[in-house]
$ cat data_31.cif   # mmCIF, C-alpha atoms (C1' of nucleotides)
data_protein
#
loop_
_atom_site.group_PDB
_atom_site.id
_atom_site.type_symbol
_atom_site.label_atom_id
_atom_site.label_comp_id
_atom_site.auth_asym_id
_atom_site.auth_seq_id
_atom_site.Cartn_x
_atom_site.Cartn_y
_atom_site.Cartn_z
ATOM 1 C CA MET X 647 -2.684 86.902 -26.539
ATOM 2 C CA GLN X 648 -5.257 88.411 -24.290
ATOM 3 C CA ASP X 649 -5.296 92.068 -23.366
ATOM 4 C CA PHE X 650 -3.703 91.999 -19.916
ATOM 5 C CA HIS X 651 -3.315 94.967 -17.601
ATOM 6 C CA ALA X 652 -1.258 95.601 -14.507
ATOM 7 C CA THR X 653 -1.554 97.611 -11.333
ATOM 8 C CA SER X 654 0.147 97.644 -7.957
ATOM 9 C CA MET X 655 -0.725 98.494 -4.374
ATOM 10 C CA GLN X 656 1.119 99.092 -1.142
ATOM 11 C CA VAL X 657 0.550 96.409 1.486
ATOM 12 C CA LYS X 658 1.706 96.160 5.078
ATOM 13 C CA ASP X 659 2.440 92.894 6.884
ATOM 14 C CA PHE X 660 1.944 90.631 3.917
ATOM 15 C CA ASP X 661 4.035 87.663 2.877
ATOM 16 C CA LEU X 662 2.912 85.793 -0.230
ATOM 17 C CA ARG X 663 5.346 82.934 0.251
ATOM 18 C CA HIS X 664 4.195 82.036 3.773
ATOM 19 C CA THR X 665 0.603 82.429 2.665
ATOM 20 C CA PHE X 666 1.107 80.116 -0.274
ATOM 21 C CA GLU X 667 3.087 77.517 1.606
ATOM 22 C CA SER X 668 0.731 77.312 4.574
ATOM 23 C CA ALA X 669 -1.593 74.859 2.841
ATOM 24 C CA GLN X 670 -4.840 76.707 2.167
ATOM 25 C CA PRO X 671 -7.419 75.989 -0.549
ATOM 26 C CA LEU X 672 -6.241 78.620 -3.034
ATOM 27 C CA THR X 673 -2.749 77.277 -2.828
ATOM 28 C CA PHE X 674 -3.762 73.708 -3.557
ATOM 29 C CA HIS X 675 -4.014 74.325 -7.288
ATOM 30 C CA ALA X 676 -2.460 77.718 -7.945
ATOM 31 C CA ASP X 677 0.964 77.906 -9.546
ATOM 32 C CA TYR X 678 3.515 79.583 -7.332
ATOM 33 C CA ASN X 679 6.886 80.722 -8.602
ATOM 34 C CA PRO X 680 9.274 81.057 -5.644
ATOM 35 C CA ALA X 681 11.952 82.834 -7.674
ATOM 36 C CA LEU X 682 9.567 85.626 -8.655
ATOM 37 C CA ASN X 683 7.435 85.339 -5.509
ATOM 38 C CA SER X 684 4.403 85.294 -7.742
ATOM 39 C CA LEU X 685 1.232 83.280 -7.982
ATOM 40 C CA ILE X 686 -1.147 82.558 -10.855
ATOM 41 C CA TYR X 687 -4.639 81.368 -10.086
ATOM 42 C CA ALA X 688 -8.114 81.122 -11.547
ATOM 43 C CA SER X 689 -11.025 82.932 -9.945
ATOM 44 C CA GLY X 690 -14.088 81.739 -11.805
ATOM 45 C CA LYS X 691 -13.350 82.433 -15.462
ATOM 46 C CA ASN X 692 -10.645 84.960 -14.677
ATOM 47 C CA LEU X 693 -6.954 84.288 -14.586
ATOM 48 C CA ILE X 694 -5.080 86.437 -12.103
ATOM 49 C CA SER X 695 -1.385 86.870 -11.488
ATOM 50 C CA VAL X 696 -0.125 88.254 -8.191
ATOM 51 C CA MET X 697 3.448 89.239 -7.487
ATOM 52 C CA HIS X 698 4.758 90.347 -4.134
ATOM 53 C CA VAL X 699 7.781 92.627 -4.200
ATOM 54 C CA GLY X 700 9.628 94.279 -1.337
ATOM 55 C CA GLY X 701 9.673 93.228 2.285
ATOM 56 C CA THR X 702 7.138 91.604 4.548
ATOM 57 C CA GLY X 703 6.619 94.613 6.791
ATOM 58 C CA SER X 704 5.936 96.971 3.909
ATOM 59 C CA GLY X 705 5.823 95.862 0.292
ATOM 60 C CA LYS X 706 3.958 95.987 -2.964
ATOM 61 C CA VAL X 707 1.486 93.642 -4.548
ATOM 62 C CA MET X 708 1.335 93.706 -8.336
ATOM 63 C CA VAL X 709 -1.748 92.378 -10.037
ATOM 64 C CA VAL X 710 -1.979 91.350 -13.689
ATOM 65 C CA SER X 711 -5.282 90.409 -15.284
ATOM 66 C CA GLU X 712 -7.582 91.042 -18.202
ATOM 67 C CA ASP X 713 -10.124 92.757 -15.985
ATOM 68 C CA LEU X 714 -8.209 94.884 -13.516
ATOM 69 C CA GLY X 715 -11.241 96.276 -11.751
ATOM 70 C CA PHE X 716 -12.374 92.791 -10.889
ATOM 71 C CA ALA X 717 -8.920 91.409 -10.227
ATOM 72 C CA SER X 718 -7.636 94.022 -7.803
ATOM 73 C CA ASN X 719 -10.764 93.696 -5.675
ATOM 74 C CA GLU X 720 -10.508 89.931 -5.906
ATOM 75 C CA VAL X 721 -6.903 89.989 -4.699
ATOM 76 C CA ILE X 722 -7.721 92.262 -1.780
ATOM 77 C CA ARG X 723 -10.611 90.013 -0.830
ATOM 78 C CA ARG X 724 -8.859 86.720 -1.446
ATOM 79 C CA PHE X 725 -5.728 87.595 0.553
ATOM 80 C CA ARG X 726 -7.656 89.577 3.154
ATOM 81 C CA LEU X 727 -5.422 92.565 2.487
ATOM 82 C CA ASN X 728 -7.740 94.853 4.398
ATOM 83 C CA ASP X 729 -7.070 92.945 7.626
ATOM 84 C CA ASN X 730 -5.028 95.061 9.983
ATOM 85 C CA MET X 731 -2.430 92.487 10.964
ATOM 86 C CA ARG X 732 -0.805 94.767 13.523
ATOM 87 C CA SER X 733 -4.055 94.831 15.435
ATOM 88 C CA ILE X 734 -4.787 91.127 14.908
ATOM 89 C CA TYR X 735 -1.341 90.144 16.157
ATOM 90 C CA LYS X 736 -1.970 92.206 19.234
ATOM 91 C CA LYS X 737 -5.183 90.288 19.914
ATOM 92 C CA ILE X 738 -3.829 86.784 19.379
ATOM 93 C CA ASN X 739 -0.318 87.189 20.765
ATOM 94 C CA THR X 740 -1.048 85.718 24.189
ATOM 95 C CA ASP X 741 2.161 83.808 24.776
ATOM 96 C CA GLN X 742 5.666 82.864 23.731
ATOM 97 C CA PHE X 743 4.630 80.145 21.264
ATOM 98 C CA ILE X 744 2.396 82.430 19.236
ATOM 99 C CA ALA X 745 4.916 85.251 19.465
ATOM 100 C CA GLU X 746 7.479 82.926 17.926
ATOM 101 C CA SER X 747 5.073 81.942 15.154
ATOM 102 C CA ILE X 748 4.296 85.559 14.339
ATOM 103 C CA LYS X 749 7.989 86.327 14.270
ATOM 104 C CA ARG X 750 8.703 83.503 11.828
ATOM 105 C CA TYR X 751 5.613 83.784 9.643
ATOM 106 C CA ARG X 752 4.809 87.469 9.837
ATOM 107 C CA GLY X 753 2.608 88.424 6.921
ATOM 108 C CA MET X 754 1.010 85.004 6.542
ATOM 109 C CA ARG X 755 -2.649 85.675 5.792
ATOM 110 C CA LEU X 756 -5.718 83.587 5.942
ATOM 111 C CA THR X 757 -7.166 83.334 2.452
ATOM 112 C CA LEU X 758 -10.830 83.717 1.576
ATOM 113 C CA ASN X 759 -11.923 81.135 -0.935
ATOM 114 C CA ASP X 760 -14.990 80.052 -2.825
ATOM 115 C CA PRO X 761 -17.242 78.063 -0.431
ATOM 116 C CA TRP X 762 -17.766 75.137 -2.801
ATOM 117 C CA GLU X 763 -14.099 74.937 -3.699
ATOM 118 C CA THR X 764 -13.227 75.047 -0.014
ATOM 119 C CA THR X 765 -15.722 72.300 0.747
ATOM 120 C CA VAL X 766 -14.195 69.967 -1.829
ATOM 121 C CA CYS X 767 -10.635 70.788 -0.780
ATOM 122 C CA PHE X 768 -11.274 69.947 2.848
ATOM 123 C CA ILE X 769 -13.325 66.839 2.147
ATOM 124 C CA ILE X 770 -10.242 65.668 0.292
ATOM 125 C CA SER X 771 -7.978 66.703 3.166
ATOM 126 C CA GLN X 772 -9.386 64.096 5.542
ATOM 127 C CA PHE X 773 -7.009 61.259 6.415
ATOM 128 C CA ASN X 774 -4.610 62.661 3.838
ATOM 129 C CA ASN X 775 -1.437 64.726 3.534
ATOM 130 C CA VAL X 776 -0.820 68.131 1.978
ATOM 131 C CA LYS X 777 1.270 66.880 -0.902
ATOM 132 C CA ARG X 778 -1.400 64.427 -1.971
ATOM 133 C CA ILE X 779 -4.183 66.956 -1.439
ATOM 134 C CA ARG X 780 -2.428 69.284 -3.884
ATOM 135 C CA SER X 781 -2.027 66.558 -6.465
ATOM 136 C CA ILE X 782 -5.642 65.356 -6.175
ATOM 137 C CA ILE X 783 -7.037 68.884 -6.502
ATOM 138 C CA LYS X 784 -4.829 69.585 -9.500
ATOM 139 C CA ASN X 785 -5.994 66.354 -11.126
ATOM 140 C CA MET X 786 -9.615 67.345 -10.562
ATOM 141 C CA VAL X 787 -9.131 70.814 -12.030
ATOM 142 C CA ALA X 788 -7.305 69.381 -15.048
ATOM 143 C CA ARG X 789 -9.973 66.748 -15.681
ATOM 144 C CA PHE X 790 -13.174 68.619 -14.837
ATOM 145 C CA GLY X 791 -12.386 72.345 -14.805
ATOM 146 C CA GLU X 792 -13.868 74.577 -17.510
ATOM 147 C CA PRO X 793 -11.056 75.892 -19.706
ATOM 148 C CA ILE X 794 -10.066 79.551 -19.611
ATOM 149 C CA LEU X 795 -9.126 80.704 -23.115
ATOM 150 C CA ASP X 796 -6.998 83.510 -24.447
ATOM 151 C CA GLY X 797 -7.717 85.561 -27.585
ATOM 152 C CA ASP X 798 -6.500 82.752 -29.825
ATOM 153 C CA ASN X 799 -8.690 80.161 -28.103
ATOM 154 C CA LYS X 800 -5.673 78.662 -26.456
ATOM 155 C CA ILE X 801 -6.267 77.140 -23.018
ATOM 156 C CA ILE X 802 -4.362 79.194 -20.466
ATOM 157 C CA GLY X 803 -5.976 77.878 -17.298
ATOM 158 C CA ARG X 804 -8.965 76.082 -15.826
ATOM 159 C CA ALA X 805 -11.629 77.092 -13.344
ATOM 160 C CA PHE X 806 -12.315 74.957 -10.306
ATOM 161 C CA PRO X 807 -15.152 72.571 -11.278
ATOM 162 C CA SER X 808 -18.594 73.615 -10.033
ATOM 163 C CA SER X 809 -20.900 71.354 -8.035
ATOM 164 C CA GLU X 810 -23.034 70.906 -11.189
ATOM 165 C CA ILE X 811 -20.056 69.535 -13.056
ATOM 166 C CA LEU X 812 -18.960 67.245 -10.252
ATOM 167 C CA ARG X 813 -22.442 65.899 -9.603
ATOM 168 C CA ASN X 814 -22.388 64.618 -13.175
ATOM 169 C CA ALA X 815 -18.984 62.985 -12.769
ATOM 170 C CA SER X 816 -18.905 59.268 -12.074
ATOM 171 C CA ILE X 817 -17.340 57.813 -8.933
ATOM 172 C CA LYS X 818 -14.914 56.039 -11.210
ATOM 173 C CA GLU X 819 -13.817 59.289 -12.870
ATOM 174 C CA LEU X 820 -13.418 60.925 -9.472
ATOM 175 C CA MET X 821 -11.355 57.982 -8.243
ATOM 176 C CA LYS X 822 -9.039 58.422 -11.232
ATOM 177 C CA CYS X 823 -8.042 61.786 -9.757
ATOM 178 C CA GLY X 824 -6.749 59.950 -6.696
ATOM 179 C CA THR X 825 -9.632 60.835 -4.387
ATOM 180 C CA GLY X 826 -9.852 57.283 -3.061
ATOM 181 C CA PHE X 827 -12.618 56.550 -0.552
ATOM 182 C CA ARG X 828 -13.558 60.268 -0.580
ATOM 183 C CA ALA X 829 -14.966 60.025 -4.111
ATOM 184 C CA ARG X 830 -18.438 59.148 -2.867
ATOM 185 C CA TYR X 831 -18.356 62.087 -0.421
ATOM 186 C CA ILE X 832 -17.505 64.479 -3.262
ATOM 187 C CA LYS X 833 -20.234 63.088 -5.468
ATOM 188 C CA SER X 834 -22.790 63.221 -2.680
ATOM 189 C CA ALA X 835 -21.719 66.736 -1.624
ATOM 190 C CA ALA X 836 -21.965 67.895 -5.243
ATOM 191 C CA GLU X 837 -25.520 66.593 -5.472
ATOM 192 C CA TYR X 838 -26.511 68.096 -2.149
ATOM 193 C CA CYS X 839 -24.955 71.495 -2.853
ATOM 194 C CA THR X 840 -26.585 71.661 -6.273
ATOM 195 C CA ASP X 841 -30.064 70.490 -5.283
ATOM 196 C CA ASN X 842 -30.605 71.121 -1.577
ATOM 197 C CA LEU X 843 -28.186 73.683 -0.196
ATOM 198 C CA ASP X 844 -27.196 77.063 -1.605
ATOM 199 C CA LEU X 845 -23.724 77.601 -0.188
ATOM 200 C CA TYR X 846 -23.795 81.160 -1.507
ATOM 201 C CA GLY X 847 -26.955 82.024 0.382
ATOM 202 C CA LEU X 848 -25.663 81.253 3.879
ATOM 203 C CA ASN X 849 -24.997 84.022 6.376
ATOM 204 C CA GLN X 850 -21.229 84.272 6.717
ATOM 205 C CA ASN X 851 -21.520 85.955 10.106
ATOM 206 C CA ASP X 852 -23.599 83.220 11.744
ATOM 207 C CA TYR X 853 -21.004 80.744 12.970
ATOM 208 C CA TYR X 854 -23.364 78.208 14.508
ATOM 209 C CA GLY X 855 -25.827 78.470 11.636
ATOM 210 C CA LEU X 856 -23.052 77.810 9.155
ATOM 211 C CA LYS X 857 -21.760 74.872 11.133
ATOM 212 C CA GLU X 858 -25.149 73.239 11.380
ATOM 213 C CA ALA X 859 -25.858 73.696 7.670
ATOM 214 C CA LEU X 860 -22.437 72.542 6.496
ATOM 215 C CA MET X 861 -22.388 69.428 8.664
ATOM 216 C CA GLU X 862 -25.446 68.203 6.774
ATOM 217 C CA ILE X 863 -23.130 67.634 3.805
ATOM 218 C CA ASP X 864 -21.938 64.057 3.499
ATOM 219 C CA GLY X 865 -18.237 63.919 4.334
ATOM 220 C CA VAL X 866 -18.263 67.184 6.298
ATOM 221 C CA GLY X 867 -17.806 66.812 10.047
ATOM 222 C CA ASP X 868 -16.720 69.116 12.862
ATOM 223 C CA LYS X 869 -13.220 69.859 11.580
ATOM 224 C CA VAL X 870 -13.975 70.204 7.868
ATOM 225 C CA ALA X 871 -16.965 72.423 8.653
ATOM 226 C CA ASP X 872 -14.710 74.743 10.662
ATOM 227 C CA CYS X 873 -12.239 74.904 7.770
ATOM 228 C CA ILE X 874 -15.018 75.867 5.367
ATOM 229 C CA ILE X 875 -16.337 78.494 7.770
ATOM 230 C CA LEU X 876 -12.863 79.945 8.233
ATOM 231 C CA MET X 877 -11.451 79.809 4.714
ATOM 232 C CA GLY X 878 -14.628 79.677 2.637
ATOM 233 C CA TYR X 879 -16.670 82.262 4.532
ATOM 234 C CA GLY X 880 -13.968 84.208 6.338
ATOM 235 C CA ASN X 881 -15.586 83.817 9.744
ATOM 236 C CA LEU X 882 -12.791 84.097 12.318
ATOM 237 C CA ASN X 883 -14.832 82.398 15.035
ATOM 238 C CA ALA X 884 -14.005 79.049 13.461
ATOM 239 C CA PHE X 885 -11.124 77.174 15.075
ATOM 240 C CA PRO X 886 -10.544 73.956 13.135
ATOM 241 C CA VAL X 887 -9.122 71.281 15.417
ATOM 242 C CA ASP X 888 -7.153 68.748 13.431
ATOM 243 C CA VAL X 889 -4.574 66.321 14.815
ATOM 244 C CA TRP X 890 -1.863 68.989 14.647
ATOM 245 C CA VAL X 891 -3.796 71.701 16.412
ATOM 246 C CA LYS X 892 -4.902 69.173 19.022
ATOM 247 C CA ARG X 893 -1.296 68.124 19.647
ATOM 248 C CA THR X 894 -0.180 71.742 19.727
ATOM 249 C CA ILE X 895 -2.760 72.840 22.263
ATOM 250 C CA GLU X 896 -2.167 69.795 24.457
ATOM 251 C CA LYS X 897 1.591 70.143 24.353
ATOM 252 C CA VAL X 898 1.890 73.882 24.637
ATOM 253 C CA TYR X 899 -0.925 74.728 27.014
ATOM 254 C CA PHE X 900 -1.657 71.517 28.957
ATOM 255 C CA LYS X 901 1.776 69.946 29.481
ATOM 256 C CA GLY X 902 0.961 67.180 27.033
ATOM 257 C CA LYS X 903 -2.226 66.115 28.805
ATOM 258 C CA LYS X 904 -4.895 64.742 26.449
ATOM 259 C CA LYS X 905 -7.892 66.988 25.904
ATOM 260 C CA LYS X 906 -11.186 66.400 24.164
ATOM 261 C CA ILE X 907 -12.055 68.321 21.011
ATOM 262 C CA LYS X 908 -14.841 70.132 22.867
ATOM 263 C CA GLU X 909 -12.466 71.237 25.596
ATOM 264 C CA ILE X 910 -10.065 72.565 22.979
ATOM 265 C CA HIS X 911 -12.818 74.570 21.267
ATOM 266 C CA LYS X 912 -13.770 76.062 24.625
ATOM 267 C CA PHE X 913 -10.154 76.859 25.468
ATOM 268 C CA ALA X 914 -9.621 78.568 22.104
ATOM 269 C CA GLU X 915 -12.755 80.633 22.497
ATOM 270 C CA ASP X 916 -11.740 81.784 25.984
ATOM 271 C CA MET X 917 -8.172 82.567 24.918
ATOM 272 C CA TRP X 918 -8.592 84.216 21.543
ATOM 273 C CA GLN X 919 -12.300 85.033 21.301
ATOM 274 C CA ASN X 920 -13.495 86.021 17.852
ATOM 275 C CA TRP X 921 -9.970 86.153 16.421
ATOM 276 C CA ARG X 922 -9.303 82.486 17.034
ATOM 277 C CA GLY X 923 -9.382 81.612 13.345
ATOM 278 C CA TYR X 924 -6.162 83.533 12.825
ATOM 279 C CA THR X 925 -4.659 81.952 15.919
ATOM 280 C CA GLN X 926 -5.387 78.519 14.524
ATOM 281 C CA GLN X 927 -3.464 79.259 11.344
ATOM 282 C CA TYR X 928 -0.429 80.497 13.240
ATOM 283 C CA LEU X 929 -0.512 77.608 15.742
ATOM 284 C CA PHE X 930 -1.014 75.026 13.027
ATOM 285 C CA TRP X 931 1.682 76.226 10.711
ATOM 286 C CA HIS X 932 4.326 76.897 13.340
ATOM 287 C CA PHE X 933 3.910 73.494 14.961
ATOM 288 C CA ARG X 934 3.813 71.713 11.620
ATOM 289 C CA GLN X 935 7.046 73.327 10.499
ATOM 290 C CA MET X 936 8.967 72.525 13.694
ATOM 291 C CA LYS X 937 11.164 69.497 14.166
ATOM 292 C CA ASN X 938 10.391 67.159 17.049
ATOM 293 C CA ASP X 939 13.258 68.285 19.263
ATOM 294 C CA GLU X 940 12.167 71.867 18.855
ATOM 295 C CA ARG X 941 8.593 70.946 19.781
ATOM 296 C CA ARG X 942 9.723 69.672 23.165
ATOM 297 C CA VAL X 943 10.941 73.106 24.137
ATOM 298 C CA TYR X 944 7.404 74.430 24.089
ATOM 299 C CA GLU X 945 5.848 72.116 26.650
ATOM 300 C CA GLY X 946 4.171 74.099 29.393
ATOM 301 C CA ILE X 947 5.059 77.583 28.221
ATOM 302 C CA LYS X 948 4.193 80.646 30.253
ATOM 303 C CA GLN X 949 1.114 82.579 29.255
ATOM 304 C CA ARG X 950 0.736 86.277 29.531
ATOM 305 C CA TYR X 951 -2.813 86.069 30.808
ATOM 306 C "C1'" DA K 1458 8.083 46.503 3.693
ATOM 307 C "C1'" DC K 1459 5.784 49.478 6.685
ATOM 308 C "C1'" DC K 1460 3.887 53.791 8.346
ATOM 309 C "C1'" DC K 1461 1.413 57.793 8.218
ATOM 310 C "C1'" DA K 1462 -1.390 61.722 6.410
ATOM 311 C "C1'" DG K 1463 -5.203 69.085 8.315
ATOM 312 C "C1'" DG K 1464 -11.405 62.984 9.647
ATOM 313 C "C1'" DC K 1465 -15.666 60.957 8.825
ATOM 314 C "C1'" DG K 1466 -19.540 57.830 9.085
ATOM 315 C "C1'" DG K 1467 -21.348 53.833 10.947
ATOM 316 C "C1'" DG K 1468 -21.805 50.465 14.503
ATOM 317 C "C1'" DC K 1469 -21.588 49.112 19.059
ATOM 318 C "C1'" DG K 1470 -21.947 49.382 24.267
ATOM 319 C "C1'" DC M 566 -23.990 60.025 23.457
ATOM 320 C "C1'" DG M 567 -18.884 58.457 23.498
ATOM 321 C "C1'" DC M 568 -15.642 55.445 21.643
ATOM 322 C "C1'" DC M 569 -13.546 52.535 18.044
ATOM 323 C "C1'" DC M 570 -12.773 50.977 13.608
ATOM 324 C "C1'" DG M 571 -12.042 50.827 8.545
ATOM 325 C "C1'" DC M 572 -10.947 53.513 4.733
ATOM 326 C "C1'" DA M 573 -7.870 54.504 -0.936
ATOM 327 C "C1'" DT M 574 -3.566 56.063 -2.059
ATOM 328 C "C1'" DG M 575 1.168 57.411 -2.574
ATOM 329 C "C1'" DG M 576 5.293 59.361 -0.586
ATOM 330 C "C1'" DG M 577 8.945 58.827 3.053
#
$ encode --input "data_31.cif" --output "structure tokens"
Amino acid sequence: MQDFHATSMQVKDFDLRHTFESAQPLTFHADYNPALNSLIYASGKNLISVMHVGGTGSGKVMVVSEDLGFASNEVIRRFRLNDNMRSIYKKINTDQFIAESIKRYRGMRLTLNDPWETTVCFIISQFNNVKRIRSIIKNMVARFGEPILDGDNKIIGRAFPSSEILRNASIKELMKCGTGFRARYIKSAAEYCTDNLDLYGLNQNDYYGLKEALMEIDGVGDKVADCIILMGYGNLNAFPVDVWVKRTIEKVYFKGKKKKIKEIHKFAEDMWQNWRGYTQQYLFWHFRQMKNDERRVYEGIKQRY
DNA sequence: ACCCAGGCGGGCG
DNA sequence: CGCCCGCATGGG
């Protein structure tokens, strides 16, 4: 056994379940226990357990880890617990559709993840589905991740594999994880991010700078770059436009009329300014969770502004 | 069996 | 540029 410690903190407007289920990088390989509403994940070489008790509006987050000083800061950072959701909801709640999403998924947070990990996760996400993304990422962690040991040298978890590790993996080994045609992107990105680009040296506040730099990575285009900027750097100016967000915007705000990606970016910027990253998460998840007949109700909704 | 999944790069007009 | 196509793989 390792020497674990526990602490707890009061949190407002937080819901671990919605956050976990809403398909973000952290949640692709963490172990979530719905009965306990708790999550175990690796942050570098540290294993952290988070449990959410009490309600969404006002509850408690319990943290268990070997290094509590590190872990409690990590949890606050990772789940963006310092975000004032009351104020963010006020900014992004421009209409009935978003109001409904906030009502259903109140407490769902954006997560802030390691930039490299986020890059790999979203390269894998392309032309793929969430279930398979989870399984591929888990396979990669199991096969390539550095083991985390307890006091008896027993493996109790694995870190997400670094770019150095993955650049030395063969395409064949990567394919065995189920990566498919994305294996060469991962390999190439691992080489590039080890030799030519320091992901940890980029300015998280410079949206356009980040986008330009990230799109130099093989396998990273407009949408994946925005995901990395949003969930790997925490820059809320990013508004990733995937097929779901595109459908949502077209259906809800343009009566189903087709719009170009550029037009959607412009629309999002005008509507939700520098909070649009949060809007994207609430639009995406609400629309994804709805059934088709329910989606029809939201065509051409009234906007407040 | 067939279809689709949080896109991207390359090739063509 | 803008548009179109193929792409590994497994679950519904």
$ resolve_selection --input "data_31.cif" --expression "the PyMOL selection byres ((chain X) within 10 of (chain M))" --output "PDB file with C-alpha atoms, in the coordinates of the input"
ATOM      1  CA  PHE X 773      -7.009  61.259   6.415  1.00  0.00           C
ATOM      2  CA  ASN X 774      -4.610  62.661   3.838  1.00  0.00           C
ATOM      3  CA  ASN X 775      -1.437  64.726   3.534  1.00  0.00           C
ATOM      4  CA  LYS X 777       1.270  66.880  -0.902  1.00  0.00           C
ATOM      5  CA  ARG X 778      -1.400  64.427  -1.971  1.00  0.00           C
ATOM      6  CA  MET X 821     -11.355  57.982  -8.243  1.00  0.00           C
ATOM      7  CA  GLY X 824      -6.749  59.950  -6.696  1.00  0.00           C
ATOM      8  CA  THR X 825      -9.632  60.835  -4.387  1.00  0.00           C
ATOM      9  CA  GLY X 826      -9.852  57.283  -3.061  1.00  0.00           C
ATOM     10  CA  PHE X 827     -12.618  56.550  -0.552  1.00  0.00           C
ATOM     11  CA  ARG X 828     -13.558  60.268  -0.580  1.00  0.00           C
ATOM     12  CA  ALA X 829     -14.966  60.025  -4.111  1.00  0.00           C
TER      13      ALA X 829
END
$ interface_residues --input "data_31.cif" --of "chain K" --to "chain X" --cutoff "7 Å" --atoms "all atoms listed in the file" --output "number ranges by chain"
K: 1462-1465
$ atom_distance --input "data_31.cif" --atom1 "CA of Met936 (chain X)" --atom2 "CA of Ile738 (chain X)"
20.0 Å
$ atom_distance --input "data_31.cif" --atom1 "CA of Ser718 (chain X)" --atom2 "CA of Asp844 (chain X)"
26.6 Å
$ resolve_selection --input "data_31.cif" --expression "the PyMOL selection byres ((chain X and resi 927) around 12)" --output "PyMOL selection string"
(chain X and resi 664-665+667-670+738+744+747-748+751-757+873+876-877+882+884-888+890-891+894+921-926+928-934) or (chain K and resi 1463)
$ decode --input "data_31.cif" --residues "region 761-796 of chain X" --atoms "C-alpha atoms" --output "tab-separated table (two decimals), in the first residue's frame"
chain	number	residue	atom	x	y	z
X	761	PRO	CA	-1.70	19.36	-24.37
X	762	TRP	CA	0.03	16.27	-25.78
X	763	GLU	CA	-2.58	13.92	-24.39
X	764	THR	CA	-5.30	16.14	-25.82
X	765	THR	CA	-3.59	16.19	-29.20
X	766	VAL	CA	-3.49	12.40	-29.39
X	767	CYS	CA	-7.06	12.02	-28.14
X	768	PHE	CA	-8.46	14.32	-30.79
X	769	ILE	CA	-6.34	12.96	-33.62
X	770	ILE	CA	-7.94	9.65	-32.74
X	771	SER	CA	-11.40	11.23	-32.59
X	772	GLN	CA	-11.48	11.99	-36.31
X	773	PHE	CA	-13.94	9.91	-38.34
X	774	ASN	CA	-14.59	7.88	-35.20
X	775	ASN	CA	-17.11	7.46	-32.39
X	776	VAL	CA	-16.81	8.07	-28.66
X	777	LYS	CA	-17.02	4.44	-27.65
X	778	ARG	CA	-14.19	3.48	-29.95
X	779	ILE	CA	-12.13	6.52	-28.99
X	780	ARG	CA	-12.31	5.40	-25.36
X	781	SER	CA	-11.25	1.88	-26.21
X	782	ILE	CA	-8.35	2.98	-28.44
X	783	ILE	CA	-7.01	5.40	-25.82
X	784	LYS	CA	-7.27	2.76	-23.12
X	785	ASN	CA	-5.40	0.29	-25.33
X	786	MET	CA	-2.65	2.85	-25.90
X	787	VAL	CA	-2.29	3.62	-22.19
X	788	ALA	CA	-2.20	-0.09	-21.34
X	789	ARG	CA	0.40	-0.87	-24.01
X	790	PHE	CA	2.64	2.20	-23.86
X	791	GLY	CA	1.94	4.02	-20.59
X	792	GLU	CA	4.64	4.09	-17.90
X	793	PRO	CA	3.44	2.09	-14.89
X	794	ILE	CA	2.54	3.82	-11.64
X	795	LEU	CA	3.62	1.65	-8.71
X	796	ASP	CA	2.53	1.40	-5.11
